[in-house]
Amino acid sequence: MQRVRRRTPQDFDRVLSSMCTVPHPAAREEALGFLSTNPGDPATYEMVAELEDEAVDLLGEIAGLDSPHGYLASGGTEANIQAVRAARNMASTTDPNIVAPESAHFSVTKAAEVLGIELRTIPVDDAFRADLDAAAAAVDADTVVVIGVAGTTEYGRIDPIGALTQIAHESGARMHVDASWGGFMLPFTDHEWSFTDAPIDSMAIDPHKFGQAPVPAGGFLAREQETLDALAVDTPYLETTSQATLTGTRSGAGVAGALAAMEALWPDGYRTSYREQMDNATYLAAEFAARGIETVDPVLPLVAASLAPSTFESLREQGWRISRTASGELRIVCMPHVSRESLNSFLADLDRIRS
């Protein structure tokens with residue numbers, strides 16, 4: 001008889017680089033019941049379709065949109081590609097381009113390559129935010145969408161969304177905000193990033209990041225139904241004869257888990273988690289500074305610091321899951337699973353290695 005070997009996933013105690021985290025217990029339990037359902041065919045799988053509608057409504061509440069249109073995607077990559085695809089399909093130009101800051105997620109590069117669209121990358125300013133003068137210079141009559149980031153993956157910065165939206169709309173382009181990571185923290189800050197703050201057209205916002213939903217569970221939101229209509233294709237052999245998603249068949253576990261997490265945590269649980277992790281990031285940045293390590297001040301719970309390559313590799317050898325920015329700094333993301341005890345253990349290893 002063949003023996004079945006149980007596989008145990010790694011724990012998160014030493015994971016300091018990931019923008020995903022341990023799912024909320026209610027989300028984990030709910031997801032298990034919907035593993036074999038397919039939200040890509042809502043006429044057949046009616047219950048998970050109802051859950052998805054509820055999840056989209058709750059995402060809209062979080063992102064400041066009263067009547068949201070959208071769906072639960074596989075993640076920010078799919079949502080970003082869909083935003084570009086919708087913009088291309090809705091535009092009249094035959095030579096479309098995208099304008100995005102160099103801090104944009106690599107999924108924007110994928111979108112440009114997959115869809116055959118020119119990507120115009122603009123620099124960031126001294127605060128690691130999209131440079132507005134460069135954005136204004138980059139757009140033209142063929143620009144179909146401008147992309148801003150609300151919580152960049154390297155430094156946790158928020159682009160000037162309102163000003164970028166004005167630049168986009170004045171040129172006839174759409175405005176998309178990638179809030180995949182920041183979207184579940186920014187409601188508890190004074191930053192302008194949401195549908196309430198600016199007339200943005202679409203957004204990526206991921207429950208499977210700070211939202212504490214099981215992976216995969218991303219969110220694609222649009223202000224108008226026309227955005228989804230621009231994505232729809234005929235699916236004649238399904239009970240649902242039209243579909244706007246990119247992946248098509250997908251597990252209802254992401255939908256059910258995301259809704260359960262948001263119902264359990266919005267808003268008070270997310271507020272508490274954000275404040276705890278912002279405190280952790282501020283603490284870690286101060287500890288680095290006290291050791292003479294050059295550090296980028298955290299705006300959201302993400303810390304970047306200059307560390308010798310040999311020290312970085314030694315920390316990796318100690319089992320710490322850490323990563324680098326494109327320019328080589330140590331990058332630590334304070335997600336809900338990150339404890340002060342874990343950070344102190346990391347600092348102890350850092351001190352021992354440096355000494």
# chains A, B, ... in the order shown; residues from 1 in each chain; ligands from 1
>>> residues_around(residues="A:Gly218", least_positions_apart="3", cutoff="8 Å", atoms="only C-alpha atoms", output="list in words")
Leu72, Ala73, Ser74, Gly75, Gly76, Ala79, Ser180, Ala204, Ile205, Asp206, Pro207 and His208 of chain A
>>> write_last_selection(atoms="C-alpha atoms", output="compact mmCIF listing (two decimals), in the first residue's frame")
# COMPACT_ATOMS: atom_id res chain seq x y z
CA LEU A 72 -12.69 38.60 -6.78
CA ALA A 73 -9.57 38.03 -8.85
CA SER A 74 -6.54 35.84 -8.28
CA GLY A 75 -4.58 38.84 -7.03
CA GLY A 76 -3.18 42.25 -7.88
CA ALA A 79 -6.51 43.13 -11.44
CA SER A 180 -3.23 45.69 -3.66
CA ALA A 204 -6.72 46.60 -7.38
CA ILE A 205 -7.19 45.74 -3.70
CA ASP A 206 -6.23 42.33 -2.30
CA PRO A 207 -7.99 40.61 0.59
CA HIS A 208 -5.22 37.98 0.64
>>> residues_around(residues="stretch 144-151 of chain A", least_positions_apart="3", cutoff="7 Å", atoms="only C-alpha atoms", output="PyMOL selection string")
chain A and resi 84+87-88+91+96-100+104+156-159+161+168+173-179+181-182+193
>>> atom_distance(atom1="atom CA of A:Ser306", atom2="atom CA of A:Gly292")
9.9 Å
>>> residues_around(residues="A:Phe128", least_positions_apart="4", cutoff="8 Å", atoms="only C-alpha atoms", output="PyMOL selection string")
chain A and resi 103+124+155+157
>>> select_by_dssp(residues="stretch 11-84 of chain A", states="strand (DSSP E)", output="MDAnalysis selection string")
chainID A and resid 69:73
